[in-house]
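Novice: There's a structure below that I have some questions on.
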Amino acid sequence: MSTGPVRVFLGEIRSSQASFSRLAKLHVALNACLFDTIEVDFSTCPWFDANMSAALGVVFARAADNIKTIEPARLRPDIEKILSKNSFLTEFGFRKCLDTHGTTIPYQRFAIAEDRNFAEYLNSHLSGKDLPRMTSALSARFKNSILEIFVNATIHSESELGIFACGQYFPNKHRLDFCVADAGIGMRRKIHKELELKMNSDQAIKWALQEGHTTRKGSVPGGLGLKLIREFINVNKGRIQIVSDRGYWEFSAGRETLTRMDLGFPGTVISIEINTADTSSYCLRGELKS
């Protein structure tokens with residue numbers, strides 16, 4: 001006799017190390033379930049940063065890839081509204097809610113070869129979100145740097161489940177958060193596979209962040225695509241977070257945090273937070289000479 005779907009609970013999800021750890025714990029719980037249908041209960045989730053939909057999408061996609069049906073349930077009305085606005089819940093049968101204030105950067109899952117679609121997605125959805133003033137040249141370079149993050153994810157992750165993206169503008173908090181995630185093998189395993197270098201997950205992130213370090217072969221440039229973004233975030237007083245397997249790295253207020261989580265996230269996430277209260281005007285260094 002059927003006993004119905006098994007239930008697992010999701011706690012508060014913000015752009016924080018604690019929340020990435022919760023998502024890693026959720027992944028382990030979903031992976032351990034033998035049931036075909038699993039109900040993810042949001043009743044213990046009082047807040048969900050909408051940009052984190054990309055990371056949650058990875059966890060759900062991993063479970064679905066193991067022939068499991070995921071059913072989000074018991075969402076608070078405010079959380080259901082925001083996750084319906086950004087289209088995350090629509091694939092689970094929820095009705096899409098109109099984004100009347102234009103604060104969402106919709107949740108979207110891209111195939112590996114869809115870099116052109118991702119570029120169009122950035123151009124369409126980053127405008128009108130109160131980004132600090134940039135010259136047209138810097139604005140183009142900034143978007144290209146985010147595109148490079150996407151391209152590097154398609155190359156390094158070896159993910160057959162695609163790349164996940166989502167963002168959210170929080171006008172009252174003066175911040176714009178944007179997240180790119182993949183369901184790939186992670187930095188540690190990729191570095192070991194290509195270069196036979198053994199290191200922990202946190203050290204793998206540190207290695208990948210060093211200029212000139214890449215797992216690509218030949219003279220093709222590599223890296224995470226974060227050089228320009230990191231320079232901008234430093235002046236802007238924003239934040240960057242990287243999670244890969246058990247590794248967690250954060251850059252904020254000119255300081256770096258590197259640590260190891262208890263459980264592994266099933267892929268890699270790069271999250272960027274831009275301070276929209278920044279009234280500075282930005283340009284490329286080369287433009288200062290002209």
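The way I read the labels, and the way they are meant: chains A, B, ... in the order of the structure tokens, residue 1 as the first residue of every chain, and ligand 1 as the first ligand shown, with later ones counted on from there.
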Using DSSP on the backbone coordinates, identify all residues within region 148-285 of chain A classified as alpha helix (DSSP H); present the result as a VMD selection string.
Specialist: chain A and resid 148 to 156 186 to 195 201 to 209 227 to 236
Novice: Using only N, CA and C atoms, please write the residues we just selected to a file, as a CSV table (one decimal), in the first residue's frame.
Specialist:
chain,number,residue,atom,x,y,z
A,148,GLU,N,31.6,35.2,-19.7
A,148,GLU,CA,32.7,34.3,-19.6
A,148,GLU,C,32.6,33.3,-18.4
A,149,ILE,N,31.9,33.7,-17.3
A,149,ILE,CA,31.6,32.8,-16.3
A,149,ILE,C,30.8,31.6,-16.8
A,150,PHE,N,29.8,32.0,-17.6
A,150,PHE,CA,28.9,31.0,-18.2
A,150,PHE,C,29.7,30.1,-19.1
A,151,VAL,N,30.5,30.6,-20.0
A,151,VAL,CA,31.2,29.8,-20.9
A,151,VAL,C,32.2,28.9,-20.2
A,152,ASN,N,32.9,29.4,-19.2
A,152,ASN,CA,33.8,28.6,-18.4
A,152,ASN,C,33.0,27.4,-17.7
A,153,ALA,N,31.8,27.7,-17.2
A,153,ALA,CA,31.0,26.7,-16.6
A,153,ALA,C,30.7,25.6,-17.6
A,154,THR,N,30.4,25.9,-18.8
A,154,THR,CA,30.1,24.9,-19.8
A,154,THR,C,31.3,24.1,-20.1
A,155,ILE,N,32.5,24.7,-20.1
A,155,ILE,CA,33.7,23.9,-20.4
A,155,ILE,C,34.2,23.1,-19.3
A,156,HIS,N,34.2,23.7,-18.1
A,156,HIS,CA,34.9,23.0,-17.0
A,156,HIS,C,34.0,22.0,-16.2
A,186,GLY,N,32.6,19.8,-10.3
A,186,GLY,CA,33.2,20.6,-9.3
A,186,GLY,C,34.7,20.9,-9.6
A,187,MET,N,35.2,21.9,-9.0
A,187,MET,CA,36.6,22.3,-9.3
A,187,MET,C,37.6,21.3,-8.9
A,188,ARG,N,37.4,20.7,-7.7
A,188,ARG,CA,38.4,19.8,-7.1
A,188,ARG,C,38.6,18.6,-8.1
A,189,ARG,N,37.5,18.0,-8.5
A,189,ARG,CA,37.6,16.8,-9.4
A,189,ARG,C,38.1,17.2,-10.8
A,190,LYS,N,37.7,18.4,-11.2
A,190,LYS,CA,38.2,18.8,-12.6
A,190,LYS,C,39.7,19.0,-12.6
A,191,ILE,N,40.2,19.7,-11.6
A,191,ILE,CA,41.6,19.9,-11.5
A,191,ILE,C,42.4,18.6,-11.4
A,192,HIS,N,41.9,17.7,-10.6
A,192,HIS,CA,42.5,16.4,-10.5
A,192,HIS,C,42.5,15.6,-11.8
A,193,LYS,N,41.3,15.6,-12.4
A,193,LYS,CA,41.2,14.9,-13.7
A,193,LYS,C,42.1,15.4,-14.8
A,194,GLU,N,42.2,16.7,-14.9
A,194,GLU,CA,43.0,17.3,-16.0
A,194,GLU,C,44.5,17.4,-15.7
A,195,LEU,N,44.8,17.7,-14.4
A,195,LEU,CA,46.2,18.1,-14.1
A,195,LEU,C,46.8,17.1,-13.0
A,201,SER,N,38.5,20.9,-1.5
A,201,SER,CA,37.6,21.7,-2.3
A,201,SER,C,37.9,23.2,-2.1
A,202,ASP,N,38.2,23.6,-0.9
A,202,ASP,CA,38.4,25.0,-0.7
A,202,ASP,C,39.7,25.4,-1.3
A,203,GLN,N,40.8,24.6,-1.3
A,203,GLN,CA,42.0,24.9,-1.9
A,203,GLN,C,41.9,24.9,-3.5
A,204,ALA,N,40.9,24.1,-4.0
A,204,ALA,CA,40.7,24.1,-5.4
A,204,ALA,C,40.1,25.4,-5.9
A,205,ILE,N,39.3,26.0,-5.1
A,205,ILE,CA,38.7,27.4,-5.4
A,205,ILE,C,39.9,28.4,-5.4
A,206,LYS,N,40.7,28.3,-4.4
A,206,LYS,CA,41.8,29.2,-4.3
A,206,LYS,C,42.8,29.1,-5.5
A,207,TRP,N,43.0,27.9,-5.9
A,207,TRP,CA,43.9,27.6,-7.0
A,207,TRP,C,43.3,28.2,-8.3
A,208,ALA,N,42.0,28.0,-8.5
A,208,ALA,CA,41.3,28.4,-9.7
A,208,ALA,C,41.2,30.0,-9.8
A,209,LEU,N,41.3,30.6,-8.7
A,209,LEU,CA,41.2,32.1,-8.7
A,209,LEU,C,42.6,32.8,-9.0
A,227,LYS,N,38.1,38.5,-13.1
A,227,LYS,CA,39.1,39.5,-12.8
A,227,LYS,C,38.5,40.9,-12.8
A,228,LEU,N,37.8,41.3,-13.9
A,228,LEU,CA,37.2,42.6,-13.9
A,228,LEU,C,36.1,42.8,-12.9
A,229,ILE,N,35.3,41.7,-12.8
A,229,ILE,CA,34.2,41.8,-11.8
A,229,ILE,C,34.7,42.0,-10.4
A,230,ARG,N,35.7,41.3,-10.1
A,230,ARG,CA,36.3,41.4,-8.7
A,230,ARG,C,36.8,42.8,-8.5
A,231,GLU,N,37.5,43.4,-9.4
A,231,GLU,CA,38.0,44.7,-9.3
A,231,GLU,C,36.8,45.7,-9.1
A,232,PHE,N,35.8,45.5,-9.9
A,232,PHE,CA,34.6,46.4,-9.7
A,232,PHE,C,33.9,46.2,-8.4
A,233,ILE,N,33.7,45.0,-8.0
A,233,ILE,CA,33.1,44.7,-6.7
A,233,ILE,C,33.8,45.2,-5.5
A,234,ASN,N,35.2,45.2,-5.6
A,234,ASN,CA,36.0,45.8,-4.5
A,234,ASN,C,35.7,47.3,-4.3
A,235,VAL,N,35.6,48.0,-5.4
A,235,VAL,CA,35.4,49.5,-5.3
A,235,VAL,C,33.9,49.7,-5.0
A,236,ASN,N,33.0,48.9,-5.6
A,236,ASN,CA,31.6,49.1,-5.4
A,236,ASN,C,31.1,48.7,-4.0
Novice: As a ChimeraX atom specification, please: the residues near Ala24 (chain A) (cut-off 7 Å, only C-alpha atoms, same-chain neighbours under 4 positions excluded).
Specialist: /A:20,28,263-265
Novice: For the residues in that selection, give me C-alpha atoms as a PDB file, in the first residue's frame.
Specialist:
ATOM      1  CA  PHE A  20      24.633  26.881   0.821  1.00  0.00           C
ATOM      2  CA  VAL A  28      22.174  14.579   0.528  1.00  0.00           C
ATOM      3  CA  LEU A 263      28.707  18.536   3.119  1.00  0.00           C
ATOM      4  CA  GLY A 264      29.298  18.983  -0.592  1.00  0.00           C
ATOM      5  CA  PHE A 265      27.151  21.082  -2.906  1.00  0.00           C
TER       6      PHE A 265
END
Novice: Excluding Pro106 (chain A) and any residue of its chain fewer than 2 positions from it, enumerate the residues within 9 Å of it, using only C-alpha atoms, and give them as a ChimeraX atom specification.
Specialist: /A:51,85-88,104,108,121,125,165-168
Novice: Which is closer to Arg22 (chain A) than all the others in A:Met134, A:Cys45, A:Ile38, A:Leu161, using only C-alpha atoms?
Specialist: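 Of A:Met134, A:Cys45, A:Ile38, A:Leu161, the one nearest Arg22 (chain A) is A:Cys45, counting only C-alpha atoms.
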Novice: Which residues are close to region 74-77 of chain A, i.e. within 7 Å by only C-alpha atoms, leaving aside same-chain residues fewer than 5 positions away? Reply as JSON, numbers by chain.
Specialist: {"A": [41, 42, 43]}
Novice: Let's have the selection written as a PDB file, in the first residue's frame, with N, CA and C atoms.
Specialist:
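Below is the file selection_10.pdb, written as the result:
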ATOM      1  N   ASP A  41       9.281  20.413   1.638  1.00  0.00           N
ATOM      2  CA  ASP A  41       8.397  21.206   2.484  1.00  0.00           C
ATOM      3  C   ASP A  41       9.080  22.530   2.840  1.00  0.00           C
ATOM      4  N   PHE A  42       8.475  23.633   2.385  1.00  0.00           N
ATOM      5  CA  PHE A  42       9.012  24.973   2.623  1.00  0.00           C
ATOM      6  C   PHE A  42       8.435  25.617   3.889  1.00  0.00           C
ATOM      7  N   SER A  43       7.672  24.877   4.677  1.00  0.00           N
ATOM      8  CA  SER A  43       7.026  25.489   5.843  1.00  0.00           C
ATOM      9  C   SER A  43       8.037  25.984   6.869  1.00  0.00           C
TER      10      SER A  43
END
Novice: Applying 10 Å and only C-alpha atoms, which residues near region 135-146 of chain A remain after dropping the ones on its own chain fewer than 5 positions away? List them as a VMD selection string.
Specialist: chain A and resid 118 to 119 122 to 123 126 151 to 152 178 to 180 224 to 229 232 270 272 281 to 285 287
Novice: From the set A:Ala18, A:Asp130, A:Cys97, A:Pro5, which residue has the shortest atom-to-atom contact distance to Met261 (chain A), counting only C-alpha atoms?
Specialist: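 The answer is A:Ala18, which sits nearest to Met261 (chain A).
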Novice: With only C-alpha atoms as the counted atoms, please give the residues lying no more than 8 Å from His174 (chain A), apart from itself and same-chain residues fewer than 3 positions off, as an MDAnalysis selection string.
Specialist: chainID A and resid 169:171 275:277
Novice: Let's have the selection written as a PDB file, in the first residue's frame, with N, CA and C atoms.
Specialist:
ATOM      1  N   TYR A 169      16.718  41.978  -7.873  1.00  0.00           N
ATOM      2  CA  TYR A 169      17.026  43.340  -7.444  1.00  0.00           C
ATOM      3  C   TYR A 169      16.221  43.634  -6.191  1.00  0.00           C
ATOM      4  N   PHE A 170      16.925  44.020  -5.119  1.00  0.00           N
ATOM      5  CA  PHE A 170      16.284  44.364  -3.853  1.00  0.00           C
ATOM      6  C   PHE A 170      16.393  45.887  -3.672  1.00  0.00           C
ATOM      7  N   PRO A 171      15.433  46.662  -4.191  1.00  0.00           N
ATOM      8  CA  PRO A 171      15.561  48.121  -4.155  1.00  0.00           C
ATOM      9  C   PRO A 171      15.652  48.699  -2.751  1.00  0.00           C
ATOM     10  N   ASN A 275      26.296  46.531  -5.122  1.00  0.00           N
ATOM     11  CA  ASN A 275      25.761  47.585  -4.261  1.00  0.00           C
ATOM     12  C   ASN A 275      25.154  48.675  -5.152  1.00  0.00           C
ATOM     13  N   THR A 276      23.831  48.736  -5.210  1.00  0.00           N
ATOM     14  CA  THR A 276      23.165  49.694  -6.099  1.00  0.00           C
ATOM     15  C   THR A 276      23.041  51.085  -5.470  1.00  0.00           C
ATOM     16  N   ALA A 277      23.460  51.226  -4.210  1.00  0.00           N
ATOM     17  CA  ALA A 277      23.497  52.554  -3.582  1.00  0.00           C
ATOM     18  C   ALA A 277      24.748  53.319  -4.002  1.00  0.00           C
TER      19      ALA A 277
END
Novice: Would you mind reading off the distance between CA of Asp99 (chain A) and CA of Asn172 (chain A), one decimal, in Å?
Specialist: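 Spanning CA of Asp99 (chain A) to CA of Asn172 (chain A) is a straight-line distance of 16.4 Å.
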Novice: Going by DSSP on the backbone, which bits of region 9-210 of chain A are strand (DSSP E)? Write them as an NGL selection string, please.
Specialist: :A and (9 or 37-41 or 69-73 or 104-110 or 133-134 or 163-170 or 175-182)
Novice: Check the smallest atom-to-atom distance from each of A:Leu89, A:Leu98, A:Ala54, A:Ala111 to Ser271 (chain A) using only C-alpha atoms, then report the winner.
Specialist: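 Among the listed residues, A:Ala54 lies closest to Ser271 (chain A).
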Novice: Just the number, please: distance in Å from CA of Arg175 (chain A) to CA of Asn117 (chain A), one decimal.
Specialist: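 It comes out at 25.0 Å.
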